[in-house]
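K.L.:
Take a look at protein_4.csv, CSV, C-alpha atoms and all ligand atoms:
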```csv
chain,number,residue,atom,x,y,z
N,1,MET,CA,12.9,-14.8,-19.2
N,2,PRO,CA,13.6,-11.5,-21.1
N,3,ALA,CA,13.1,-8.3,-19.3
N,4,ILE,CA,10.2,-6.3,-20.7
N,5,THR,CA,10.4,-2.8,-21.9
N,6,ARG,CA,8.3,0.3,-21.5
N,7,GLU,CA,6.9,-0.3,-25.1
N,8,ASP,CA,5.9,-3.9,-24.1
N,9,VAL,CA,4.1,-2.5,-21.0
N,10,TYR,CA,2.2,0.0,-23.2
N,11,SER,CA,1.2,-2.6,-25.8
N,12,TYR,CA,0.0,-5.1,-23.1
N,13,LEU,CA,-2.1,-2.3,-21.6
N,14,ILE,CA,-3.8,-1.2,-24.9
N,15,ASN,CA,-4.2,-4.8,-26.0
N,16,SER,CA,-7.3,-6.6,-24.7
N,17,VAL,CA,-6.1,-10.0,-25.6
N,18,GLY,CA,-3.4,-12.3,-24.2
N,19,SER,CA,-4.1,-11.6,-20.5
N,20,ASP,CA,-4.0,-15.2,-19.5
N,21,GLU,CA,-0.5,-15.7,-20.9
N,22,LEU,CA,0.6,-12.5,-19.2
N,23,PHE,CA,-0.7,-13.7,-15.8
N,24,ALA,CA,0.9,-17.1,-16.3
N,25,SER,CA,4.3,-15.5,-17.1
N,26,ALA,CA,3.9,-13.3,-14.0
N,27,ARG,CA,3.2,-16.3,-11.8
N,28,GLU,CA,6.1,-18.2,-13.2
N,29,MET,CA,8.4,-15.2,-12.5
N,30,ARG,CA,7.1,-15.1,-8.9
N,31,ARG,CA,7.7,-18.8,-8.5
N,32,GLN,CA,11.3,-18.6,-9.7
N,33,VAL,CA,12.1,-15.8,-7.2
N,34,PHE,CA,9.8,-16.6,-4.3
N,35,GLY,CA,8.8,-20.2,-4.7
N,36,ASP,CA,5.5,-20.8,-2.9
N,37,LYS,CA,5.9,-18.0,-0.3
N,38,ILE,CA,3.4,-15.2,0.0
N,39,PHE,CA,4.0,-12.4,2.6
N,40,MET,CA,1.3,-11.2,5.0
N,41,TYR,CA,0.9,-7.6,6.2
N,42,GLY,CA,-1.3,-6.4,9.2
N,43,PHE,CA,-2.9,-3.0,8.7
N,44,VAL,CA,-3.3,-0.6,11.6
N,45,TYR,CA,-5.0,2.7,10.5
N,46,PHE,CA,-4.6,4.4,13.9
N,47,SER,CA,-5.8,7.9,13.1
N,48,THR,CA,-8.4,8.8,10.5
N,49,TRP,CA,-8.1,12.5,10.9
N,50,CYS,CA,-6.6,14.3,7.9
N,51,ARG,CA,-5.7,17.8,6.9
N,52,ASN,CA,-5.8,17.0,3.2
N,53,ASN,CA,-8.7,16.9,0.8
N,54,CYS,CA,-7.9,14.1,-1.7
N,55,ASN,CA,-10.9,13.9,-4.0
N,56,PHE,CA,-10.9,10.1,-4.1
N,57,CYS,CA,-10.7,9.5,-0.3
N,58,TYR,CA,-13.4,8.9,2.2
N,59,PHE,CA,-11.3,10.4,5.0
N,60,ARG,CA,-10.7,13.7,3.2
N,61,ARG,CA,-10.9,16.7,5.5
N,62,ASP,CA,-14.2,18.0,4.2
N,63,ASN,CA,-16.0,14.7,4.5
N,64,ASN,CA,-18.3,14.9,7.5
N,65,ILE,CA,-17.7,11.4,9.0
N,66,GLU,CA,-17.0,9.9,12.3
N,67,ARG,CA,-13.3,9.7,13.0
N,68,TYR,CA,-11.0,8.2,15.5
N,69,ARG,CA,-7.4,8.6,16.9
N,70,LYS,CA,-6.5,5.4,18.8
N,71,PRO,CA,-4.4,5.8,22.0
N,72,LYS,CA,-0.9,4.4,21.9
N,73,ASP,CA,-1.5,1.5,24.2
N,74,GLU,CA,-4.4,0.3,22.2
N,75,VAL,CA,-2.5,0.6,18.9
N,76,LEU,CA,0.3,-1.5,20.4
N,77,LYS,CA,-2.0,-4.1,21.7
N,78,ILE,CA,-3.7,-4.5,18.3
N,79,ALA,CA,-0.4,-4.6,16.5
N,80,MET,CA,0.9,-7.4,18.8
N,81,GLU,CA,-2.3,-9.4,18.4
N,82,LEU,CA,-1.9,-9.1,14.6
N,83,ALA,CA,1.7,-10.1,14.8
N,84,ASP,CA,0.7,-13.1,17.0
N,85,SER,CA,-1.8,-14.1,14.4
N,86,GLY,CA,1.0,-14.7,11.9
N,87,VAL,CA,1.5,-11.5,9.9
N,88,ASN,CA,5.0,-10.6,8.8
N,89,LEU,CA,4.8,-6.9,9.2
N,90,ILE,CA,2.7,-4.1,10.8
N,91,ASP,CA,1.7,-1.2,8.5
N,92,LEU,CA,1.1,1.8,10.7
N,93,THR,CA,-1.0,4.1,8.7
N,94,MET,CA,-2.6,7.5,9.4
N,95,GLY,CA,-4.3,10.4,7.7
N,96,GLU,CA,-2.2,13.6,7.8
N,97,ASP,CA,-3.5,14.2,11.3
N,98,PRO,CA,-2.7,17.7,12.5
N,99,ALA,CA,-2.3,16.5,16.0
N,100,TYR,CA,0.7,14.4,15.1
N,101,HIS,CA,2.1,17.1,12.9
N,102,SER,CA,2.1,19.5,15.8
N,103,ASP,CA,3.8,17.2,18.3
N,104,GLY,CA,6.6,15.9,16.0
N,105,PHE,CA,5.0,12.5,15.7
N,106,GLU,CA,6.0,11.6,19.2
N,107,ASP,CA,3.4,8.9,19.7
N,108,ALA,CA,3.8,7.4,16.2
N,109,VAL,CA,7.6,7.2,16.6
N,110,SER,CA,7.3,5.6,20.0
N,111,ILE,CA,4.8,3.0,18.7
N,112,VAL,CA,7.4,2.0,16.1
N,113,TRP,CA,10.1,1.6,18.8
N,114,GLU,CA,7.8,-0.6,20.8
N,115,ILE,CA,6.8,-2.9,17.9
N,116,LYS,CA,10.4,-3.2,16.7
N,117,LYS,CA,11.6,-4.0,20.3
N,118,ARG,CA,9.4,-7.1,20.0
N,119,GLY,CA,11.1,-8.2,16.7
N,120,VAL,CA,8.3,-7.3,14.3
N,121,PRO,CA,9.0,-5.5,11.0
N,122,VAL,CA,7.2,-2.2,10.6
N,123,MET,CA,6.1,0.0,7.7
N,124,VAL,CA,5.0,3.6,8.3
N,125,SER,CA,2.4,5.3,6.0
N,126,PRO,CA,2.1,8.8,7.6
N,127,GLY,CA,1.7,10.8,4.4
N,128,VAL,CA,4.1,13.7,3.6
N,129,VAL,CA,6.3,14.5,6.6
N,130,GLY,CA,9.5,16.5,7.1
N,131,GLU,CA,13.0,15.0,6.9
N,132,GLU,CA,13.4,15.2,10.6
N,133,VAL,CA,10.3,13.0,11.1
N,134,ILE,CA,11.7,10.5,8.6
N,135,ASP,CA,15.0,10.5,10.6
N,136,ARG,CA,13.1,9.7,13.8
N,137,PHE,CA,11.1,6.9,12.2
N,138,SER,CA,14.4,5.5,10.8
N,139,ASP,CA,16.1,5.8,14.2
N,140,ALA,CA,13.2,3.9,15.7
N,141,GLY,CA,13.9,1.0,13.3
N,142,ALA,CA,11.1,1.4,10.8
N,143,ASP,CA,11.8,-0.9,7.8
N,144,TRP,CA,9.5,0.7,5.2
N,145,PHE,CA,8.2,4.1,4.3
N,146,ALA,CA,5.1,4.0,2.1
N,147,LEU,CA,3.8,7.0,0.1
N,148,TYR,CA,1.8,6.6,-3.0
N,149,GLN,CA,1.9,9.2,-5.8
N,150,GLU,CA,-1.4,7.8,-7.3
N,151,THR,CA,-0.2,9.0,-10.7
N,152,HIS,CA,2.9,10.5,-12.1
N,153,ASN,CA,0.9,12.7,-14.5
N,154,ARG,CA,1.1,16.1,-12.9
N,155,GLU,CA,-2.2,17.4,-14.2
N,156,LEU,CA,-4.0,14.3,-13.0
N,157,PHE,CA,-2.2,14.5,-9.7
N,158,ALA,CA,-3.5,18.1,-9.2
N,159,LYS,CA,-7.0,16.8,-9.7
N,160,LEU,CA,-6.7,14.0,-7.3
N,161,ARG,CA,-4.5,15.3,-4.5
N,162,VAL,CA,-5.9,18.8,-4.5
N,163,ARG,CA,-3.5,21.6,-3.5
N,164,GLN,CA,-0.7,19.1,-2.7
N,165,ASP,CA,2.8,19.5,-4.0
N,166,PHE,CA,3.8,16.8,-6.5
N,167,ASP,CA,7.5,17.3,-6.1
N,168,GLU,CA,7.4,17.5,-2.3
N,169,ARG,CA,5.6,14.1,-2.3
N,170,MET,CA,8.2,12.6,-4.6
N,171,GLU,CA,11.1,14.1,-2.7
N,172,CYS,CA,9.8,12.8,0.6
N,173,LYS,CA,10.1,9.1,-0.5
N,174,ARG,CA,13.5,9.8,-2.2
N,175,TYR,CA,14.8,11.1,1.1
N,176,ALA,CA,13.5,8.1,2.9
N,177,ARG,CA,15.3,5.8,0.4
N,178,ARG,CA,18.6,7.7,0.8
N,179,LYS,CA,18.1,7.4,4.5
N,180,GLY,CA,18.2,3.6,4.1
N,181,LEU,CA,14.5,2.9,4.4
N,182,LEU,CA,12.8,0.6,1.9
N,183,ILE,CA,10.1,2.5,0.0
N,184,GLU,CA,6.7,1.6,-1.4
N,185,GLU,CA,5.2,3.5,-4.4
N,186,GLY,CA,1.7,3.1,-5.7
N,187,ILE,CA,-0.9,4.2,-8.2
N,188,LEU,CA,-4.6,4.2,-8.5
N,189,ALA,CA,-6.4,2.5,-11.5
N,190,GLY,CA,-9.5,4.1,-13.0
N,191,VAL,CA,-9.1,7.7,-12.1
N,192,GLY,CA,-8.7,9.1,-15.6
N,193,GLU,CA,-5.2,7.9,-16.3
N,194,SER,CA,-4.1,6.9,-19.9
N,195,GLU,CA,-2.1,3.8,-20.8
N,196,GLY,CA,0.8,6.0,-21.3
N,197,ASP,CA,0.5,7.4,-17.8
N,198,ILE,CA,0.5,3.9,-16.4
N,199,ALA,CA,3.6,3.0,-18.3
N,200,GLU,CA,5.3,6.1,-17.1
N,201,SER,CA,4.4,5.4,-13.5
N,202,LEU,CA,5.7,1.8,-13.7
N,203,MET,CA,9.0,3.1,-15.0
N,204,GLN,CA,9.3,5.8,-12.3
N,205,MET,CA,8.7,3.2,-9.6
N,206,GLY,CA,11.9,1.6,-10.7
N,207,ASP,CA,13.8,4.9,-11.1
N,208,ILE,CA,13.1,6.0,-7.5
N,209,GLY,CA,14.2,2.6,-6.1
N,210,ALA,CA,10.8,1.4,-4.8
N,211,SER,CA,11.0,-2.2,-3.4
N,212,GLN,CA,7.3,-2.5,-3.0
N,213,VAL,CA,5.0,-1.3,-5.8
N,214,ARG,CA,1.2,-1.3,-5.8
N,215,VAL,CA,-1.9,-0.6,-7.8
N,216,MET,CA,-5.4,-0.3,-6.4
N,217,SER,CA,-8.6,0.1,-8.3
N,218,PHE,CA,-10.4,3.3,-7.4
N,219,VAL,CA,-13.5,2.7,-5.1
N,220,PRO,CA,-16.0,5.6,-5.0
N,221,GLN,CA,-16.5,7.0,-1.6
N,222,VAL,CA,-19.8,8.4,-0.1
N,223,GLY,CA,-19.6,12.1,0.5
N,224,SER,CA,-16.6,12.7,-1.7
N,225,PRO,CA,-16.4,14.7,-4.9
N,226,MET,CA,-15.8,11.4,-6.8
N,227,GLU,CA,-18.7,9.7,-5.2
N,228,ASN,CA,-20.5,9.1,-8.5
N,229,ALA,CA,-17.4,8.2,-10.6
N,230,ALA,CA,-17.3,4.6,-11.8
N,231,THR,CA,-15.1,2.0,-10.4
N,232,PRO,CA,-12.9,0.4,-13.1
N,233,ASP,CA,-13.1,-3.1,-14.6
N,234,ARG,CA,-10.7,-5.1,-12.4
N,235,ILE,CA,-8.8,-6.6,-15.4
N,236,LYS,CA,-6.9,-3.3,-15.6
N,237,GLU,CA,-5.6,-3.7,-12.0
N,238,TYR,CA,-4.7,-7.4,-12.6
N,239,LYS,CA,-2.7,-6.5,-15.8
N,240,ILE,CA,-0.8,-3.8,-14.0
N,241,ILE,CA,0.1,-6.2,-11.2
N,242,ALA,CA,1.4,-8.7,-13.8
N,243,LEU,CA,3.4,-6.1,-15.6
N,244,MET,CA,4.9,-4.9,-12.4
N,245,ARG,CA,6.0,-8.5,-11.6
N,246,LEU,CA,7.6,-8.8,-15.0
N,247,LEU,CA,9.4,-5.5,-14.8
N,248,TYR,CA,10.5,-6.0,-11.2
N,249,PRO,CA,10.8,-9.7,-10.4
N,250,TYR,CA,12.1,-9.1,-6.9
N,251,ALA,CA,9.5,-6.6,-5.9
N,252,LEU,CA,6.9,-7.0,-3.2
N,253,ILE,CA,3.6,-6.5,-4.9
N,254,PRO,CA,0.4,-6.2,-2.8
N,255,ALA,CA,-2.9,-8.0,-3.3
N,256,SER,CA,-4.9,-5.6,-1.2
N,257,LEU,CA,-7.9,-6.8,0.7
N,258,ASP,CA,-8.9,-3.2,0.7
N,259,VAL,CA,-10.5,-3.1,-2.8
N,260,ASP,CA,-12.7,-6.2,-3.1
N,261,GLY,CA,-12.3,-7.8,0.3
N,262,ILE,CA,-11.3,-11.5,0.7
N,263,ALA,CA,-13.2,-12.4,-2.5
N,264,GLY,CA,-10.7,-10.4,-4.4
N,265,LEU,CA,-7.6,-12.1,-3.2
N,266,ARG,CA,-7.3,-15.1,-5.6
N,267,LYS,CA,-7.3,-13.0,-8.8
N,268,ARG,CA,-4.7,-10.7,-7.6
N,269,ILE,CA,-2.4,-13.5,-6.5
N,270,GLU,CA,-3.1,-15.2,-9.9
N,271,ALA,CA,-1.8,-12.0,-11.5
N,272,GLY,CA,1.5,-12.2,-9.8
N,273,ALA,CA,1.1,-10.4,-6.5
N,274,ASN,CA,3.1,-11.8,-3.5
N,275,VAL,CA,1.9,-9.8,-0.4
N,276,VAL,CA,-1.5,-9.9,1.2
N,277,THR,CA,-2.1,-6.4,2.6
N,278,SER,CA,-4.9,-4.9,4.7
N,279,ILE,CA,-5.3,-7.7,7.2
N,280,ILE,CA,-7.4,-6.1,9.9
N,281,PRO,CA,-8.5,-7.6,13.3
N,282,PRO,CA,-12.3,-8.0,13.5
N,283,ARG,CA,-14.1,-5.9,16.1
N,284,SER,CA,-11.1,-3.8,16.9
N,285,GLY,CA,-12.8,-0.6,15.8
N,286,LEU,CA,-10.2,-0.2,13.1
N,287,MET,CA,-10.9,0.7,9.5
N,288,GLY,CA,-9.6,0.1,6.0
N,289,VAL,CA,-9.1,3.0,3.6
N,290,ALA,CA,-10.8,2.2,0.2
N,291,GLN,CA,-13.2,-0.3,1.7
N,292,CYS,CA,-13.3,1.0,5.2
N,293,THR,CA,-15.6,-1.7,6.7
N,294,MET,CA,-15.9,-4.5,4.1
N,295,ASP,CA,-15.3,-8.0,5.6
N,296,VAL,CA,-13.6,-6.5,8.7
N,297,ASP,CA,-16.0,-7.3,11.5
N,298,GLU,CA,-17.1,-10.5,9.7
N,299,GLY,CA,-13.6,-11.7,10.2
N,300,GLY,CA,-12.9,-12.0,6.5
N,301,ARG,CA,-9.8,-9.9,6.6
N,302,THR,CA,-7.9,-12.1,9.0
N,303,PHE,CA,-4.6,-13.9,8.6
N,304,SER,CA,-6.3,-17.3,8.8
N,305,GLU,CA,-8.9,-16.5,6.1
N,306,ALA,CA,-6.2,-15.2,3.7
N,307,ALA,CA,-3.9,-18.1,4.5
N,308,ALA,CA,-6.7,-20.6,3.7
N,309,VAL,CA,-7.2,-19.0,0.2
N,310,LEU,CA,-3.4,-19.3,-0.5
N,311,GLU,CA,-3.4,-22.9,0.6
N,312,GLY,CA,-6.2,-23.6,-1.9
N,313,MET,CA,-3.9,-22.2,-4.6
N,314,GLY,CA,-0.8,-24.3,-3.7
N,315,LEU,CA,0.9,-21.4,-2.0
N,316,ARG,CA,1.6,-20.6,1.7
N,317,ALA,CA,2.0,-17.7,4.1
N,318,ALA,CA,5.8,-17.1,4.7
N,319,SER,CA,7.3,-17.1,8.2
N,320,ARG,CA,8.6,-14.0,9.9
N,321,ASP,CA,12.2,-15.2,9.4
N,322,GLU,CA,11.6,-15.8,5.7
N,323,TYR,CA,10.2,-12.3,5.5
N,324,LYS,CA,13.2,-10.8,7.3
N,325,GLU,CA,15.5,-12.6,5.0
N,326,CYS,CA,13.6,-11.3,2.0
N,327,ILE,CA,13.8,-7.6,3.1
N,328,GLY,CA,17.3,-8.0,4.3
N,329,GLY,CA,18.2,-8.8,0.7
N,330,LEU,CA,16.3,-5.7,-0.6
N,331,LYS,CA,18.0,-3.2,1.8
N,401,LIG,N1,-2.8,9.6,4.5
N,401,LIG,C1,-1.6,8.9,4.0
N,401,LIG,C2,-1.5,9.1,2.5
N,401,LIG,O1,-2.4,9.5,1.8
N,401,LIG,O2,-0.3,8.9,2.0
N,401,LIG,C3,-1.6,7.5,4.3
N,401,LIG,C4,-2.9,6.7,3.9
N,401,LIG,S1,-2.7,6.1,2.3
N,401,LIG,C5,-2.2,4.6,2.7
N,401,LIG,C6,-4.1,5.9,1.6
N,401,LIG,C7,-4.0,5.3,0.2
N,401,LIG,O3,-5.1,4.5,0.0
N,401,LIG,C8,-3.9,6.3,-0.9
N,401,LIG,O4,-2.6,6.7,-1.1
N,401,LIG,C9,-4.6,5.7,-2.0
N,401,LIG,O5,-3.7,5.0,-2.8
N,401,LIG,C10,-5.5,4.6,-1.4
N,401,LIG,N2,-6.9,5.0,-1.4
N,401,LIG,C11,-7.5,6.0,-0.8
N,401,LIG,N3,-8.8,6.1,-1.1
N,401,LIG,C12,-9.0,5.2,-2.1
N,401,LIG,C13,-10.1,4.9,-2.9
N,401,LIG,N4,-11.3,5.5,-2.8
N,401,LIG,N5,-10.0,3.9,-3.8
N,401,LIG,C14,-8.8,3.2,-3.9
N,401,LIG,N6,-7.7,3.5,-3.2
N,401,LIG,C15,-7.8,4.5,-2.3
N,402,LIG,C1,-3.7,-1.6,2.1
N,402,LIG,N1,-5.5,-0.4,3.3
N,402,LIG,O1,-2.6,-2.2,2.3
N,402,LIG,C2,-4.0,-0.6,3.1
N,402,LIG,C3,-3.4,0.8,2.7
N,402,LIG,C4,-1.2,1.8,3.4
N,402,LIG,N2,0.2,1.6,3.4
N,402,LIG,C5,-1.9,0.6,2.7
N,402,LIG,C6,-3.9,1.3,1.4
N,402,LIG,O2,-4.5,-1.9,1.2
N,403,LIG,FE1,-5.8,12.2,3.8
N,403,LIG,FE2,-4.4,10.1,2.8
N,403,LIG,FE3,-7.0,10.2,2.4
N,403,LIG,FE4,-5.5,11.9,1.1
N,403,LIG,S1,-5.5,9.7,0.9
N,403,LIG,S2,-7.4,12.5,2.2
N,403,LIG,S3,-3.8,12.3,2.6
N,403,LIG,S4,-6.0,10.0,4.4
```
Please render this file's structure as structure tokens.
P.N.:
Amino acid sequence: MPAITREDVYSYLINSVGSDELFASAREMRRQVFGDKIFMYGFVYFSTWCRNNCNFCYFRRDNNIERYRKPKDEVLKIAMELADSGVNLIDLTMGEDPAYHSDGFEDAVSIVWEIKKRGVPVMVSPGVVGEEVIDRFSDAGADWFALYQETHNRELFAKLRVRQDFDERMECKRYARRKGLLIEEGILAGVGESEGDIAESLMQMGDIGASQVRVMSFVPQVGSPMENAATPDRIKEYKIIALMRLLYPYALIPASLDVDGIAGLRKRIEAGANVVTSIIPPRSGLMGVAQCTMDVDEGGRTFSEAAAVLEGMGLRAASRDEYKECIGGLK
């Protein structure tokens, strides 16, 4: 199949017809590279405290909400339960919690050590951190460093990630990549970006060497400045997923349960995604980010629910060894 160009990306985005063929090509590309395997990620959002004020986020500093910071033992216990349920990786995520920033991320780093000691792959999503912190995560054996720019349009970035430094955020993931970590880049759909902005972001994801690339539709959050902004038509997200698949056949591309819950899984997989993310144990007291409670305690965001949806589509959850082989090839 011919590689697609930036111009192709742009014309698919502005064109409202032909999506079904686009999705079929993306699925075929996934099948050629990954067969019937889909990877599964457990999500552990262990501190919802944050020093930042992102306008789109429920957990922004100025939002007056209940927050938690889970103790290390509890995080480890939840992570191992998730791993036992069948997930391939644990995504350890946090707000930019001042408590961790002041103690050098001691607890977070030691949680990574403990999970890795048990043979389970780990992604860290701590926000912007110093190089020495990335070094410590790397020494502890973290496989992935996730940090989403949301957009690569600097003016739009300034409106979304208020008073944050665009270049510092980019440089942080470039450093992680140089350090040998795999990196995940991501954008938001429906936050005022143009088709040209999306095309630019998709190209930059390749330029920085991201091995996992994501898009999430914006979900309005109560109490935030964007509370009354509209959530976009999902077709946009699905098309971006398919275009990422065609641009980067070997990439890991999330179908996040954090946007439309378990009901949103099928469409994202049909668009060419190959990782189910935001699997959260019910009644653990843990939250998602964009949909902080949707389907969680109802048990809709579990490994078995997601695996059943995949099975109904002729696909299957990959084993841990298959996942390790896959990321071994990406490193
Ligand atoms: N605090 C760290 C950070 O911001 O990098 C780690 C958390 S990060 C995984 C949270 C991500 O969830 C954001 O980068 C954004 O892409 C996504 N997100 C947050 N709020 C959202 C919303 N309202 N709608 C859709 N996605 C959202
Ligand atoms: C997800 N809720 O995978 C998570 C989160 C952070 N690395 C990922 C946005 O959808
Ligand atoms: Fe904090 Fe991350 Fe939310 Fe921004 S997206 S407010 S950095 S938790």
K.L.:
Could you list, as a ChimeraX atom specification, all residues that come within 6 Å of ligand LIG 403 (chain N)? Count all atoms listed in the file.
P.N.:
/N:50,52-54,57,59-60,95-96,127
K.L.:
Distance cut-off 12 Å, centre (2.4, 15.0, -9.7) in file coordinates, counting all atoms listed in the file: which residues qualify? Return them as a list of chain:residue names.
P.N.:
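The residues that fall inside the cut-off are N:Tyr148, N:Gln149, N:Glu150, N:Thr151, N:His152, N:Asn153, N:Arg154, N:Glu155, N:Leu156, N:Phe157, N:Ala158, N:Lys159, N:Leu160, N:Arg161, N:Val162, N:Arg163, N:Gln164, N:Asp165, N:Phe166, N:Asp167, N:Glu168, N:Arg169, N:Met170, N:Glu171, N:Ile187, N:Asp197, N:Glu200, N:Ser201, N:Gln204.
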K.L.:
Sort by chain and increasing residue number a table of all residues of chain N within 6 Å of ligand LIG 401 (chain N), each with its closest pair of atoms and their distance in Å to one decimal, counting all atoms listed in the file, and write it as CSV.
P.N.:
```
residue,atom,partner,partner_atom,distance
N:Phe56,CA,N:LIG401,N4,4.8
N:Cys57,CA,N:LIG401,N3,4.0
N:Thr93,CA,N:LIG401,C3,5.6
N:Met94,CA,N:LIG401,C3,5.2
N:Gly95,CA,N:LIG401,N1,3.6
N:Glu96,CA,N:LIG401,N1,5.2
N:Ser125,CA,N:LIG401,C3,4.9
N:Pro126,CA,N:LIG401,C3,5.1
N:Gly127,CA,N:LIG401,O2,3.7
N:Leu147,CA,N:LIG401,O2,4.9
N:Tyr148,CA,N:LIG401,O4,4.8
N:Glu150,CA,N:LIG401,O5,5.8
N:Leu188,CA,N:LIG401,O5,5.8
N:Met216,CA,N:LIG401,N6,5.5
N:Ser217,CA,N:LIG401,C14,5.4
N:Phe218,CA,N:LIG401,N5,3.7
N:Val219,CA,N:LIG401,N5,3.9
N:Pro220,CA,N:LIG401,N4,5.2
N:Gln221,CA,N:LIG401,N4,5.5
N:Val289,CA,N:LIG401,C11,5.6
N:Ala290,CA,N:LIG401,C13,4.2
```
K.L.:
Skip stretch 105-108 of chain N itself and residues of its chain fewer than 5 positions away, then list as a PyMOL selection string all residues within 12 Å of it, counting all atoms listed in the file.
P.N.:
chain N and resi 44-47+69-76+91-94+96-100+113-115+122-127+129-130+132-137+140+142
K.L.:
Mind dumping the selected residues with C-alpha atoms as a PDB file, keeping the file's coordinate frame?
P.N.:
```
ATOM      1  CA  VAL N  44      -3.300  -0.600  11.600  1.00  0.00           C
ATOM      2  CA  TYR N  45      -5.000   2.700  10.500  1.00  0.00           C
ATOM      3  CA  PHE N  46      -4.600   4.400  13.900  1.00  0.00           C
ATOM      4  CA  SER N  47      -5.800   7.900  13.100  1.00  0.00           C
ATOM      5  CA  ARG N  69      -7.400   8.600  16.900  1.00  0.00           C
ATOM      6  CA  LYS N  70      -6.500   5.400  18.800  1.00  0.00           C
ATOM      7  CA  PRO N  71      -4.400   5.800  22.000  1.00  0.00           C
ATOM      8  CA  LYS N  72      -0.900   4.400  21.900  1.00  0.00           C
ATOM      9  CA  ASP N  73      -1.500   1.500  24.200  1.00  0.00           C
ATOM     10  CA  GLU N  74      -4.400   0.300  22.200  1.00  0.00           C
ATOM     11  CA  VAL N  75      -2.500   0.600  18.900  1.00  0.00           C
ATOM     12  CA  LEU N  76       0.300  -1.500  20.400  1.00  0.00           C
ATOM     13  CA  ASP N  91       1.700  -1.200   8.500  1.00  0.00           C
ATOM     14  CA  LEU N  92       1.100   1.800  10.700  1.00  0.00           C
ATOM     15  CA  THR N  93      -1.000   4.100   8.700  1.00  0.00           C
ATOM     16  CA  MET N  94      -2.600   7.500   9.400  1.00  0.00           C
ATOM     17  CA  GLU N  96      -2.200  13.600   7.800  1.00  0.00           C
ATOM     18  CA  ASP N  97      -3.500  14.200  11.300  1.00  0.00           C
ATOM     19  CA  PRO N  98      -2.700  17.700  12.500  1.00  0.00           C
ATOM     20  CA  ALA N  99      -2.300  16.500  16.000  1.00  0.00           C
ATOM     21  CA  TYR N 100       0.700  14.400  15.100  1.00  0.00           C
ATOM     22  CA  TRP N 113      10.100   1.600  18.800  1.00  0.00           C
ATOM     23  CA  GLU N 114       7.800  -0.600  20.800  1.00  0.00           C
ATOM     24  CA  ILE N 115       6.800  -2.900  17.900  1.00  0.00           C
ATOM     25  CA  VAL N 122       7.200  -2.200  10.600  1.00  0.00           C
ATOM     26  CA  MET N 123       6.100   0.000   7.700  1.00  0.00           C
ATOM     27  CA  VAL N 124       5.000   3.600   8.300  1.00  0.00           C
ATOM     28  CA  SER N 125       2.400   5.300   6.000  1.00  0.00           C
ATOM     29  CA  PRO N 126       2.100   8.800   7.600  1.00  0.00           C
ATOM     30  CA  GLY N 127       1.700  10.800   4.400  1.00  0.00           C
ATOM     31  CA  VAL N 129       6.300  14.500   6.600  1.00  0.00           C
ATOM     32  CA  GLY N 130       9.500  16.500   7.100  1.00  0.00           C
ATOM     33  CA  GLU N 132      13.400  15.200  10.600  1.00  0.00           C
ATOM     34  CA  VAL N 133      10.300  13.000  11.100  1.00  0.00           C
ATOM     35  CA  ILE N 134      11.700  10.500   8.600  1.00  0.00           C
ATOM     36  CA  ASP N 135      15.000  10.500  10.600  1.00  0.00           C
ATOM     37  CA  ARG N 136      13.100   9.700  13.800  1.00  0.00           C
ATOM     38  CA  PHE N 137      11.100   6.900  12.200  1.00  0.00           C
ATOM     39  CA  ALA N 140      13.200   3.900  15.700  1.00  0.00           C
ATOM     40  CA  ALA N 142      11.100   1.400  10.800  1.00  0.00           C
TER      41      ALA N 142
END
```
K.L.:
Using all atoms listed in the file, can you list as a list of chain:residue names the residues within 10 Å of (-3.9, -21.8, -5.9)?
P.N.:
N:Asp36, N:Arg266, N:Lys267, N:Ile269, N:Glu270, N:Val309, N:Leu310, N:Glu311, N:Gly312, N:Met313, N:Gly314, N:Leu315, N:Arg316
K.L.:
For the residues in that selection, give me C-alpha atoms as a short mmCIF file (atom, residue, chain, number, x, y, z; two decimals), in the frame of the given file.
P.N.:
```cif
data_model
loop_
_atom_site.label_atom_id
_atom_site.label_comp_id
_atom_site.auth_asym_id
_atom_site.auth_seq_id
_atom_site.Cartn_x
_atom_site.Cartn_y
_atom_site.Cartn_z
CA ASP N 36 5.50 -20.80 -2.90
CA ARG N 266 -7.30 -15.10 -5.60
CA LYS N 267 -7.30 -13.00 -8.80
CA ILE N 269 -2.40 -13.50 -6.50
CA GLU N 270 -3.10 -15.20 -9.90
CA VAL N 309 -7.20 -19.00 0.20
CA LEU N 310 -3.40 -19.30 -0.50
CA GLU N 311 -3.40 -22.90 0.60
CA GLY N 312 -6.20 -23.60 -1.90
CA MET N 313 -3.90 -22.20 -4.60
CA GLY N 314 -0.80 -24.30 -3.70
CA LEU N 315 0.90 -21.40 -2.00
CA ARG N 316 1.60 -20.60 1.70
#
```
K.L.:
Using all atoms listed in the file, which residue out of N:Glu298, N:Glu227, N:Glu184, N:Glu322 lies closest to ligand LIG 402 (chain N)?
P.N.:
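Among the listed residues, the smallest separation from ligand LIG 402 (chain N) belongs to N:Glu184.
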K.L.:
Select, from N:Asp297, N:Glu305, N:Asp233, N:Asp260, the residue with the minimum atom-to-atom distance to ligand LIG 402 (chain N), counting all atoms listed in the file.
P.N.:
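The shortest atom-to-atom distance to ligand LIG 402 (chain N) comes from N:Asp260.
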K.L.:
Write out as a PyMOL selection string each polymer residue whose atoms come within 10 Å of N:Ile235, counting only C-alpha atoms; drop sequence neighbours fewer than 6 positions from it.
P.N.:
chain N and resi 16+19+217+241+267-268+271
K.L.:
I'd like to know which of N:Ile280, N:Val87, N:Ile198, N:Ala229 is closest to ligand LIG 402 (chain N), using all atoms listed in the file.
P.N.:
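Smallest distance to ligand LIG 402 (chain N) is found for N:Ile280.
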